[in-house]
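Shown next: work-v5.cif, given as mmCIF, C-alpha atoms.
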```
data_upload
loop_
_atom_site.label_atom_id
_atom_site.label_comp_id
_atom_site.auth_asym_id
_atom_site.auth_seq_id
_atom_site.Cartn_x
_atom_site.Cartn_y
_atom_site.Cartn_z
CA MET O 49 0.00 0.00 0.00
CA THR O 50 1.48 3.34 -1.04
CA GLN O 51 1.34 6.54 1.01
CA ASN O 52 -1.40 7.90 -1.25
CA GLU O 53 -3.52 4.77 -0.68
CA LEU O 54 -3.35 4.94 3.13
CA PRO O 55 -6.55 5.90 4.96
CA GLY O 56 -6.73 9.61 5.63
CA VAL O 57 -7.40 11.52 8.82
CA ASP O 58 -9.50 14.65 9.30
CA VAL O 59 -10.61 17.00 12.07
CA ARG O 60 -14.08 15.42 12.39
CA GLN O 61 -12.50 12.01 13.01
CA LEU O 62 -10.14 13.42 15.63
CA HIS O 63 -12.98 15.21 17.42
CA ASP O 64 -14.96 11.94 17.47
CA ILE O 65 -12.01 10.04 18.94
CA ALA O 66 -11.19 12.74 21.50
CA ARG O 67 -14.77 12.81 22.75
CA GLY O 68 -15.32 9.06 22.52
CA TYR O 69 -15.71 8.91 26.28
CA VAL O 70 -18.99 10.82 25.93
CA LYS O 71 -20.51 7.95 23.93
CA THR O 72 -19.30 5.50 26.56
CA ALA O 73 -20.82 7.61 29.32
CA LEU O 74 -24.14 7.75 27.45
CA LEU O 75 -24.24 3.97 27.11
CA ARG O 76 -23.27 3.40 30.75
CA THR O 77 -25.89 5.83 31.97
CA ALA O 78 -28.65 4.36 29.81
CA PHE O 79 -27.92 0.85 31.07
CA ASP O 80 -27.63 1.97 34.69
CA LEU O 81 -31.07 3.60 34.41
CA ARG O 82 -32.48 0.55 32.58
CA LEU O 83 -33.68 3.24 30.20
CA PHE O 84 -34.36 0.97 27.25
CA ASP O 85 -36.62 -1.45 29.14
CA PRO O 86 -39.85 0.66 29.08
CA LEU O 87 -39.35 1.26 25.36
CA ALA O 88 -39.75 -2.46 24.70
CA GLU O 89 -43.50 -1.81 25.11
CA GLY O 90 -43.47 1.00 22.53
CA PRO O 91 -42.36 4.63 21.97
CA LEU O 92 -42.45 7.09 24.87
CA THR O 93 -41.89 10.81 25.37
CA ALA O 94 -39.02 12.29 27.35
CA SER O 95 -41.41 13.48 30.07
CA ALA O 96 -42.93 10.00 30.41
CA LEU O 97 -39.50 8.39 30.72
CA ALA O 98 -38.37 11.05 33.18
CA GLU O 99 -41.36 10.24 35.40
CA LEU O 100 -40.77 6.49 35.11
CA LYS O 101 -37.07 6.81 35.96
CA ASP O 102 -37.44 9.63 38.52
CA THR O 103 -35.10 12.04 36.71
CA ASP O 104 -35.20 15.70 35.74
CA PRO O 105 -37.24 16.13 32.51
CA ARG O 106 -34.65 18.39 30.87
CA GLY O 107 -31.82 16.02 31.79
CA MET O 108 -33.78 13.10 30.35
CA ARG O 109 -34.52 14.96 27.11
CA ILE O 110 -30.85 15.79 26.59
CA LEU O 111 -29.85 12.20 27.32
CA LEU O 112 -32.43 10.77 24.91
CA ASP O 113 -31.49 13.14 22.10
CA ALA O 114 -27.83 12.26 22.52
CA LEU O 115 -28.62 8.52 22.48
CA ALA O 116 -30.57 9.10 19.27
CA ALA O 117 -27.62 11.05 17.85
CA ILE O 118 -25.34 8.01 18.24
CA GLY O 119 -27.91 5.55 16.89
CA LEU O 120 -29.10 3.91 20.10
CA LEU O 121 -32.60 5.37 19.91
CA TYR O 122 -34.93 6.46 17.14
CA ALA O 123 -36.41 9.92 17.66
CA GLU O 124 -39.58 11.07 15.91
CA GLY O 125 -41.29 14.27 17.04
CA ASN O 126 -41.24 14.22 20.82
CA THR O 127 -41.17 10.41 21.17
CA TYR O 128 -38.33 7.91 21.32
CA ALA O 129 -38.24 4.26 20.25
CA LEU O 130 -35.80 1.36 20.17
CA PRO O 131 -33.75 0.90 16.99
CA ALA O 132 -33.65 -2.42 15.13
CA GLY O 133 -31.92 -5.01 17.33
CA GLY O 134 -32.63 -3.01 20.47
CA GLU O 135 -34.94 -5.54 22.11
CA SER O 136 -32.21 -8.18 21.98
CA LEU O 137 -29.19 -6.04 22.90
CA LEU O 138 -30.45 -3.05 24.88
CA VAL O 139 -33.38 -4.39 26.93
CA SER O 140 -32.31 -6.16 30.13
CA THR O 141 -34.41 -9.24 29.33
CA GLY O 142 -33.02 -9.47 25.79
CA SER O 143 -31.33 -12.64 24.58
CA GLN O 144 -28.01 -10.82 24.09
CA PHE O 145 -28.31 -8.00 26.61
CA PHE O 146 -25.11 -6.00 26.42
CA GLY O 147 -25.32 -4.38 29.84
CA GLY O 148 -23.02 -6.93 31.47
CA ALA O 149 -20.32 -6.34 28.87
CA VAL O 150 -20.54 -2.58 29.48
CA ARG O 151 -20.21 -3.08 33.24
CA LEU O 152 -16.84 -4.68 32.47
CA GLY O 153 -15.49 -2.91 29.39
CA ALA O 154 -16.53 0.53 30.67
CA SER O 155 -15.98 -0.09 34.38
CA ASP O 156 -14.33 2.56 36.52
CA TRP O 157 -11.34 0.25 36.87
CA GLU O 158 -10.92 -0.07 33.09
CA TRP O 159 -11.27 3.69 32.61
CA ASP O 160 -8.71 4.38 35.31
CA ALA O 161 -6.30 1.83 33.81
CA GLN O 162 -6.42 3.57 30.43
CA LYS O 163 -5.43 6.86 32.06
CA ASN O 164 -2.06 5.21 32.71
CA LEU O 165 -1.55 4.14 29.10
CA ILE O 166 1.38 6.51 28.57
CA ASP O 167 3.18 5.00 31.58
CA ALA O 168 2.39 1.48 30.40
CA VAL O 169 3.84 2.30 26.97
CA ARG O 170 7.01 3.68 28.57
CA HIS O 171 7.27 0.74 30.97
CA GLY O 172 6.13 -2.03 28.60
CA GLY O 173 3.29 -3.21 30.82
CA THR O 174 1.01 -2.27 33.66
CA VAL O 175 2.24 0.17 36.30
CA ALA O 176 -0.87 -0.23 38.46
CA ASP O 177 -0.58 -1.63 41.98
CA THR O 178 -3.77 -3.64 41.39
CA HIS O 179 -4.19 -5.22 37.97
CA ALA O 180 -5.64 -8.20 36.10
CA LEU O 181 -3.12 -10.65 37.58
CA THR O 182 -3.41 -9.51 41.19
CA PRO O 183 -4.47 -12.49 43.36
CA GLU O 184 -8.13 -12.36 44.38
CA PHE O 185 -8.69 -9.25 42.23
CA ASP O 186 -12.37 -8.37 42.80
CA TYR O 187 -12.86 -7.45 39.12
CA TRP O 188 -12.97 -11.16 38.32
CA GLN O 189 -16.04 -11.56 40.52
CA GLU O 190 -17.80 -8.97 38.40
CA PHE O 191 -16.51 -10.70 35.27
CA ALA O 192 -17.93 -14.05 36.35
CA THR O 193 -21.26 -12.41 37.16
CA SER O 194 -21.63 -10.33 34.02
CA THR O 195 -20.27 -12.33 31.08
CA SER O 196 -21.89 -15.76 31.09
CA TRP O 197 -23.87 -14.95 27.92
CA PHE O 198 -21.02 -13.13 26.23
CA ASN O 199 -18.93 -16.22 25.44
CA ASN O 200 -21.74 -18.57 24.54
CA GLY O 201 -20.87 -18.55 20.84
CA ALA O 202 -17.42 -19.92 21.56
CA ALA O 203 -18.77 -22.23 24.26
CA GLU O 204 -21.22 -23.73 21.78
CA LEU O 205 -18.43 -24.09 19.23
CA MET O 206 -16.32 -25.96 21.78
CA ALA O 207 -19.21 -28.28 22.64
CA ASP O 208 -19.85 -28.87 18.93
CA GLN O 209 -16.29 -30.13 18.57
CA LEU O 210 -15.85 -32.03 21.83
CA VAL O 211 -19.20 -33.77 22.37
CA PRO O 212 -18.90 -36.11 19.34
CA TRP O 213 -15.28 -36.89 20.27
CA SER O 214 -16.18 -37.67 23.88
CA LYS O 215 -18.76 -40.33 22.93
CA ASP O 216 -16.00 -42.93 22.61
CA ARG O 217 -14.35 -42.12 25.94
CA GLU O 218 -14.70 -44.40 28.94
CA SER O 219 -14.91 -41.27 31.10
CA VAL O 220 -15.46 -37.56 30.45
CA ASP O 221 -13.65 -35.75 33.26
CA VAL O 222 -13.03 -32.06 32.59
CA LEU O 223 -10.77 -29.49 34.24
CA ASP O 224 -11.73 -25.87 33.48
CA ILE O 225 -8.74 -23.69 34.41
CA ALA O 226 -9.61 -20.09 35.34
CA CYS O 227 -13.22 -21.15 34.84
CA SER O 228 -14.81 -17.81 35.87
CA HIS O 229 -18.50 -17.92 34.87
CA GLY O 230 -18.14 -21.60 33.88
CA SER O 231 -19.93 -21.25 30.53
CA TYR O 232 -17.50 -23.44 28.62
CA GLY O 233 -17.56 -26.40 30.97
CA PHE O 234 -21.26 -26.08 31.74
CA THR O 235 -22.31 -25.81 28.09
CA PHE O 236 -20.36 -29.00 27.42
CA ALA O 237 -21.85 -30.73 30.48
CA GLN O 238 -25.39 -29.86 29.41
CA ARG O 239 -24.81 -31.72 26.15
CA GLU O 240 -22.67 -34.58 27.54
CA PRO O 241 -24.49 -36.16 30.52
CA ARG O 242 -21.43 -38.18 31.61
CA ALA O 243 -19.25 -35.09 31.97
CA THR O 244 -17.92 -34.03 35.37
CA ILE O 245 -16.47 -30.52 35.63
CA THR O 246 -13.76 -29.34 38.01
CA GLY O 247 -13.46 -25.55 38.03
CA LEU O 248 -10.23 -23.88 39.10
CA ASP O 249 -10.33 -20.20 40.08
CA TRP O 250 -10.05 -17.87 43.06
CA PRO O 251 -12.40 -18.84 45.92
CA SER O 252 -14.41 -15.61 45.62
CA VAL O 253 -14.99 -16.28 41.93
CA LEU O 254 -15.97 -19.91 42.47
CA GLU O 255 -18.86 -18.82 44.67
CA ILE O 256 -20.37 -17.21 41.57
CA THR O 257 -19.45 -20.17 39.34
CA GLN O 258 -21.32 -22.44 41.73
CA GLN O 259 -24.42 -20.27 41.40
CA HIS O 260 -24.25 -20.58 37.61
CA ALA O 261 -23.87 -24.36 37.90
CA GLU O 262 -27.03 -24.53 40.03
CA ARG O 263 -28.94 -22.27 37.64
CA LEU O 264 -27.93 -24.41 34.65
CA GLY O 265 -28.74 -27.74 36.33
CA VAL O 266 -25.21 -29.19 36.44
CA ALA O 267 -24.29 -28.53 40.09
CA ASP O 268 -24.32 -32.25 40.90
CA ARG O 269 -21.50 -32.74 38.37
CA PHE O 270 -19.43 -29.70 39.33
CA LYS O 271 -16.74 -29.41 41.97
CA THR O 272 -14.49 -26.50 42.80
CA LEU O 273 -10.70 -26.28 42.96
CA PRO O 274 -9.80 -22.95 44.58
CA GLY O 275 -6.37 -21.46 44.02
CA ASP O 276 -3.72 -20.10 41.66
CA MET O 277 -3.57 -21.76 38.22
CA PHE O 278 0.26 -21.61 38.28
CA LYS O 279 0.62 -23.16 41.76
CA THR O 280 -2.43 -25.20 42.84
CA PRO O 281 -2.13 -28.98 42.29
CA LEU O 282 -4.40 -29.75 39.34
CA GLY O 283 -5.39 -33.30 40.25
CA GLY O 284 -6.63 -35.54 37.49
CA PRO O 285 -5.69 -36.76 35.04
CA TYR O 286 -8.59 -35.46 32.96
CA ASP O 287 -9.99 -36.34 29.57
CA ILE O 288 -10.30 -32.64 28.69
CA VAL O 289 -8.59 -29.54 30.04
CA MET O 290 -10.13 -26.18 29.11
CA LEU O 291 -8.12 -22.96 29.16
CA THR O 292 -10.33 -20.15 27.91
CA ASN O 293 -9.56 -16.44 27.46
CA VAL O 294 -6.46 -16.74 29.61
CA LEU O 295 -3.28 -16.93 27.50
CA HIS O 296 -3.53 -13.38 26.16
CA HIS O 297 -2.74 -12.20 29.70
CA PHE O 298 0.80 -13.55 29.34
CA SER O 299 3.84 -13.48 27.10
CA GLN O 300 4.41 -16.42 24.79
CA ALA O 301 6.97 -17.93 27.17
CA GLU O 302 4.66 -17.61 30.19
CA ALA O 303 1.75 -19.07 28.22
CA VAL O 304 3.86 -22.09 27.27
CA GLU O 305 4.73 -22.57 30.94
CA LEU O 306 1.02 -22.67 31.82
CA LEU O 307 0.24 -25.01 28.93
CA LYS O 308 3.01 -27.38 30.02
CA ARG O 309 1.48 -27.41 33.49
CA ALA O 310 -1.93 -28.16 31.99
CA ALA O 311 -0.43 -30.98 29.91
CA THR O 312 0.54 -32.87 33.08
CA ALA O 313 -3.16 -33.09 33.95
CA VAL O 314 -4.37 -34.47 30.59
CA LYS O 315 -4.71 -38.21 30.00
CA PRO O 316 -2.77 -39.64 27.04
CA GLY O 317 -5.04 -39.22 24.04
CA GLY O 318 -7.03 -36.56 25.89
CA ARG O 319 -7.66 -33.06 24.61
CA ILE O 320 -6.84 -29.52 25.56
CA ALA O 321 -9.30 -26.83 24.47
CA VAL O 322 -8.00 -23.25 24.34
CA VAL O 323 -10.01 -20.13 23.51
CA GLY O 324 -8.69 -16.62 22.97
CA HIS O 325 -8.43 -13.44 20.94
CA THR O 326 -6.23 -13.93 17.88
CA THR O 327 -4.80 -12.35 14.79
CA ASP O 328 -4.60 -14.22 11.48
CA THR O 329 -1.57 -14.27 9.21
CA ASP O 330 -3.00 -11.71 6.81
CA ASP O 331 -4.50 -9.40 9.45
CA THR O 332 -3.44 -5.78 9.73
CA PRO O 333 -4.68 -3.01 12.05
CA HIS O 334 -6.64 -1.69 9.08
CA THR O 335 -8.37 -4.94 8.11
CA ASN O 336 -9.08 -6.30 11.61
CA PRO O 337 -8.76 -3.57 14.29
CA LEU O 338 -10.24 -5.43 17.29
CA PRO O 339 -7.30 -7.69 18.27
CA TYR O 340 -4.88 -4.76 18.07
CA MET O 341 -7.13 -2.65 20.28
CA PHE O 342 -7.42 -5.58 22.70
CA SER O 343 -3.62 -5.62 23.03
CA VAL O 344 -3.85 -2.07 24.42
CA ILE O 345 -6.15 -3.36 27.17
CA MET O 346 -3.59 -6.07 27.97
CA LEU O 347 -0.80 -3.48 27.97
CA VAL O 348 -2.39 -1.44 30.77
CA GLN O 349 -3.72 -4.43 32.72
CA THR O 350 -0.91 -7.01 32.60
CA HIS O 351 2.89 -7.16 32.68
CA SER O 352 3.39 -8.89 29.33
CA GLY O 353 0.06 -9.89 27.77
CA GLU O 354 -1.18 -9.16 24.26
CA THR O 355 -3.21 -10.72 21.45
CA HIS O 356 -1.38 -13.76 20.05
CA SER O 357 -1.60 -14.92 16.46
CA VAL O 358 -3.17 -18.20 15.33
CA ASP O 359 0.29 -19.50 14.42
CA THR O 360 1.61 -18.52 17.86
CA TYR O 361 -1.17 -20.44 19.62
CA LYS O 362 -0.37 -23.56 17.62
CA GLN O 363 3.34 -23.13 18.27
CA MET O 364 2.71 -22.76 22.00
CA LEU O 365 0.57 -25.91 22.09
CA THR O 366 3.24 -27.89 20.24
CA GLU O 367 6.02 -26.62 22.49
CA ALA O 368 3.97 -27.64 25.53
CA GLY O 369 3.80 -31.25 24.34
CA PHE O 370 0.48 -31.38 22.50
CA VAL O 371 0.09 -32.68 18.96
CA ASN O 372 -2.19 -32.05 15.97
CA PRO O 373 -3.34 -28.55 16.97
CA THR O 374 -6.34 -27.28 15.01
CA ASP O 375 -8.22 -24.00 15.08
CA HIS O 376 -11.95 -23.47 14.72
CA ARG O 377 -14.26 -20.50 14.34
CA ALA O 378 -17.98 -19.89 14.08
CA GLU O 379 -20.11 -16.95 13.07
CA LYS O 380 -21.39 -16.27 16.60
CA ALA O 381 -18.05 -16.96 18.32
CA MET O 382 -16.06 -13.82 19.04
CA HIS O 383 -13.00 -15.85 19.99
CA ARG O 384 -11.02 -18.61 18.25
CA LEU O 385 -11.03 -22.18 19.52
CA PHE O 386 -7.91 -24.36 19.46
CA LEU O 387 -7.90 -28.10 20.08
CA ALA O 388 -4.90 -30.37 20.48
CA GLU O 389 -4.18 -33.93 21.62
CA ARG O 390 -2.02 -35.07 24.51
CA ALA O 391 0.56 -37.41 23.04
#
```

Starting from the coordinates I provided, produce the structure as structure tokens.
Amino acid sequence: MTQNELPGVDVRQLHDIARGYVKTALLRTAFDLRLFDPLAEGPLTASALAELKDTDPRGMRILLDALAAIGLLYAEGNTYALPAGGESLLVSTGSQFFGGAVRLGASDWEWDAQKNLIDAVRHGGTVADTHALTPEFDYWQEFATSTSWFNNGAAELMADQLVPWSKDRESVDVLDIACSHGSYGFTFAQREPRATITGLDWPSVLEITQQHAERLGVADRFKTLPGDMFKTPLGGPYDIVMLTNVLHHFSQAEAVELLKRAATAVKPGGRIAVVGHTTDTDDTPHTNPLPYMFSVIMLVQTHSGETHSVDTYKQMLTEAGFVNPTDHRAEKAMHRLFLAERA
């Protein structure tokens, strides 16, 4: 690509980027007020919504107009309505309600971490006293509470791949490392009735995981393993070890160390299932911005984490002693799935 073919930049774009926090604040405020819920029944005026939500009428009108300006509401005359897709994504009872993701991605902790980006760039990693790898970090409780729906596409993809394979196993014992909300192990267990799931995470997180197991009807096949994934004895061996949305928190060398540890807990012929953000060989920041933006989050929140490429994931699995690594994707899965066999 020549210099003349590169995407341009203009003042409007820079203004939009510089004031991007306003859009985030609008979305946070709307979700905190559960503002979209009454609109599921039909259009309403600003005064009606102000009365329902016990806010100042002028403040509500300004908020609603701004939400319409960024495409999150449809304004006609003095009434406001949900846009297409709003009932699923914006209403709290929607099938893909996005409020939980906003509680995490736009949390005060995430905002504060980004304020230290310049120091993280200079240092090469987080400079925060409390960060994503701090033991018992309370953010992970919120994560386990708020994201069970968010990973379902990848969880379904994993089950699609592992359930047929598990039919020929004498046992289906699963270790879910850094299990958090438990969606991956529990989705598999719902489709494989012989599966038993052991979830490893911090004790405070496992309290929430247990609640999800009870809600999903798999609590009788779930047991907890509290502790540090780098130090706690893993038990086993297991037919399947799951390691989901974890390795991007570490450098390649550190990730291999964790994978080698996981390999000791997998039965010969068993499987490891890894999920994470990735870049493909042909990706560039222009063609696929998300993984590059995600690396910025890892820069301010971890010492050495970033988005790893598909080839790097396969290389890490091979170096850790696994064979025949494959990668899988699906339309509804935001993350890539990797499977490999324990030799």

(Q) One decimal, in Å: what's the spacing between CA of Val358 (chain O) and CA of Asp330 (chain O)? (A) 10.7 Å

Q | Target residues per the PyMOL selection byres ((chain O and resi 115-125) around 9), formatted as a ChimeraX atom specification | A | /O:71,74-75,78,84,110-114,126-131,134,138

Q | Coordinates-based distance that separates CA of Ile256 (chain O) from CA of Gly133 (chain O) (Å, one decimal) | A |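 The value is 29.5 Å.
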
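Using the PyMOL selection byres ((chain O and resi 340) around 10) on this structure selects His325, Thr326, Thr327, Asp331, Thr332, Pro333, His334, Asn336, Pro337, Leu338, Pro339, Met341, Phe342, Ser343, Val344, Ile345, Glu354, Thr355 and His356 of chain O.
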
Q. From the set O:Gly153, O:Pro241, O:Gly142, O:Gly275, which residue has the shortest atom-to-atom contact distance to Val220 (chain O), counting only C-alpha atoms?
A.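 Under the stated criterion, the closest residue is O:Pro241.
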
Return as a PDB file with C-alpha atoms, keeping the file's coordinate frame the set of residues that the PyMOL selection byres ((chain O and resi 244) around 10) yields on the displayed structure.
```pdb
ATOM      1  CA  SER O 219     -14.910 -41.270  31.100  1.00  0.00           C
ATOM      2  CA  VAL O 220     -15.460 -37.560  30.450  1.00  0.00           C
ATOM      3  CA  ASP O 221     -13.650 -35.750  33.260  1.00  0.00           C
ATOM      4  CA  VAL O 222     -13.030 -32.060  32.590  1.00  0.00           C
ATOM      5  CA  LEU O 223     -10.770 -29.490  34.240  1.00  0.00           C
ATOM      6  CA  GLY O 233     -17.560 -26.400  30.970  1.00  0.00           C
ATOM      7  CA  PHE O 234     -21.260 -26.080  31.740  1.00  0.00           C
ATOM      8  CA  PHE O 236     -20.360 -29.000  27.420  1.00  0.00           C
ATOM      9  CA  ALA O 237     -21.850 -30.730  30.480  1.00  0.00           C
ATOM     10  CA  GLU O 240     -22.670 -34.580  27.540  1.00  0.00           C
ATOM     11  CA  PRO O 241     -24.490 -36.160  30.520  1.00  0.00           C
ATOM     12  CA  ARG O 242     -21.430 -38.180  31.610  1.00  0.00           C
ATOM     13  CA  ALA O 243     -19.250 -35.090  31.970  1.00  0.00           C
ATOM     14  CA  ILE O 245     -16.470 -30.520  35.630  1.00  0.00           C
ATOM     15  CA  THR O 246     -13.760 -29.340  38.010  1.00  0.00           C
ATOM     16  CA  GLY O 247     -13.460 -25.550  38.030  1.00  0.00           C
ATOM     17  CA  VAL O 266     -25.210 -29.190  36.440  1.00  0.00           C
ATOM     18  CA  ALA O 267     -24.290 -28.530  40.090  1.00  0.00           C
ATOM     19  CA  ASP O 268     -24.320 -32.250  40.900  1.00  0.00           C
ATOM     20  CA  ARG O 269     -21.500 -32.740  38.370  1.00  0.00           C
ATOM     21  CA  PHE O 270     -19.430 -29.700  39.330  1.00  0.00           C
ATOM     22  CA  LYS O 271     -16.740 -29.410  41.970  1.00  0.00           C
ATOM     23  CA  TYR O 286      -8.590 -35.460  32.960  1.00  0.00           C
TER      24      TYR O 286
END
```

Q: For CA of His351 (chain O) and CA of Ser252 (chain O), quote the distance in Å rounded to one decimal.
A: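 Distance between the two atoms: 23.2 Å.
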
Per residue of region 243-338 of chain O within 10 Å of region 361-381 of chain O, what are the shortest atom pair and its distance in Å to one decimal, counting all atoms listed in the file, with rows by chain and residue number, as a Markdown table?
```
| residue | atom | partner | partner_atom | distance |
| --- | --- | --- | --- | --- |
| O:Leu295 | CA | O:Tyr361 | CA | 8.9 |
| O:His296 | CA | O:Tyr361 | CA | 9.9 |
| O:Gln300 | CA | O:Met364 | CA | 7.1 |
| O:Ala301 | CA | O:Met364 | CA | 8.3 |
| O:Glu302 | CA | O:Met364 | CA | 9.9 |
| O:Ala303 | CA | O:Met364 | CA | 7.3 |
| O:Val304 | CA | O:Met364 | CA | 5.4 |
| O:Glu305 | CA | O:Ala368 | CA | 7.5 |
| O:Leu306 | CA | O:Ala368 | CA | 8.5 |
| O:Leu307 | CA | O:Ala368 | CA | 5.7 |
| O:Lys308 | CA | O:Ala368 | CA | 4.6 |
| O:Arg309 | CA | O:Ala368 | CA | 8.3 |
| O:Ala310 | CA | O:Ala368 | CA | 8.8 |
| O:Ala311 | CA | O:Gly369 | CA | 7.0 |
| O:Thr312 | CA | O:Gly369 | CA | 9.5 |
| O:Val314 | CA | O:Phe370 | CA | 9.9 |
| O:Pro316 | CA | O:Phe370 | CA | 10.0 |
| O:Gly317 | CA | O:Phe370 | CA | 9.7 |
| O:Gly318 | CA | O:Phe370 | CA | 9.7 |
| O:Arg319 | CA | O:Phe370 | CA | 8.6 |
| O:Ile320 | CA | O:Phe370 | CA | 8.1 |
| O:Ala321 | CA | O:Pro373 | CA | 9.7 |
| O:Val322 | CA | O:Tyr361 | CA | 8.8 |
| O:Val323 | CA | O:Asp375 | CA | 9.4 |
| O:Gly324 | CA | O:Tyr361 | CA | 9.1 |
| O:Thr326 | CA | O:Tyr361 | CA | 8.4 |
```

Report, as JSON, the axis-aligned box around all atoms of region 97-115 of chain O present in the file, extended by 4 Å on each side; give centre and edge lengths in Å to one decimal place.
```
{"center_x": -34.6, "center_y": 12.4, "center_z": 30.3, "size_x": 21.5, "size_y": 19.9, "size_z": 24.4}
```

**Q.** Best match for closeness to Met382 (chain O) among O:Ala313, O:Ala96, O:Val150, O:Ala202, counting all atoms listed in the file
**A.** O:Ala202

Q: Find the residue from O:Glu184, O:Ala132, O:Arg390, O:Lys315 that sits nearest to Glu218 (chain O); use only C-alpha atoms when measuring.
A: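 Looking at the shortest contact to Glu218 (chain O), the residue is O:Lys315.
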
Q) From the list O:Ala168, O:Met108, O:Leu83, O:Ile65, which residue is nearest Ser140 (chain O) when using all atoms listed in the file? A)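 Among the listed residues, O:Leu83 lies closest to Ser140 (chain O).
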
Can you tell me, as a PDB file with C-alpha atoms, in the frame of the given file, which residues sit within 9 Å of (-14.9, 2.8, 24.9) in the file's frame, using all atoms listed in the file?
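Produced file out-v4.pdb, reproduced below:
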```pdb
ATOM      1  CA  GLY O  68     -15.320   9.060  22.520  1.00  0.00           C
ATOM      2  CA  TYR O  69     -15.710   8.910  26.280  1.00  0.00           C
ATOM      3  CA  LYS O  71     -20.510   7.950  23.930  1.00  0.00           C
ATOM      4  CA  THR O  72     -19.300   5.500  26.560  1.00  0.00           C
ATOM      5  CA  ALA O  73     -20.820   7.610  29.320  1.00  0.00           C
ATOM      6  CA  GLY O 153     -15.490  -2.910  29.390  1.00  0.00           C
ATOM      7  CA  ALA O 154     -16.530   0.530  30.670  1.00  0.00           C
ATOM      8  CA  TRP O 159     -11.270   3.690  32.610  1.00  0.00           C
TER       9      TRP O 159
END
```
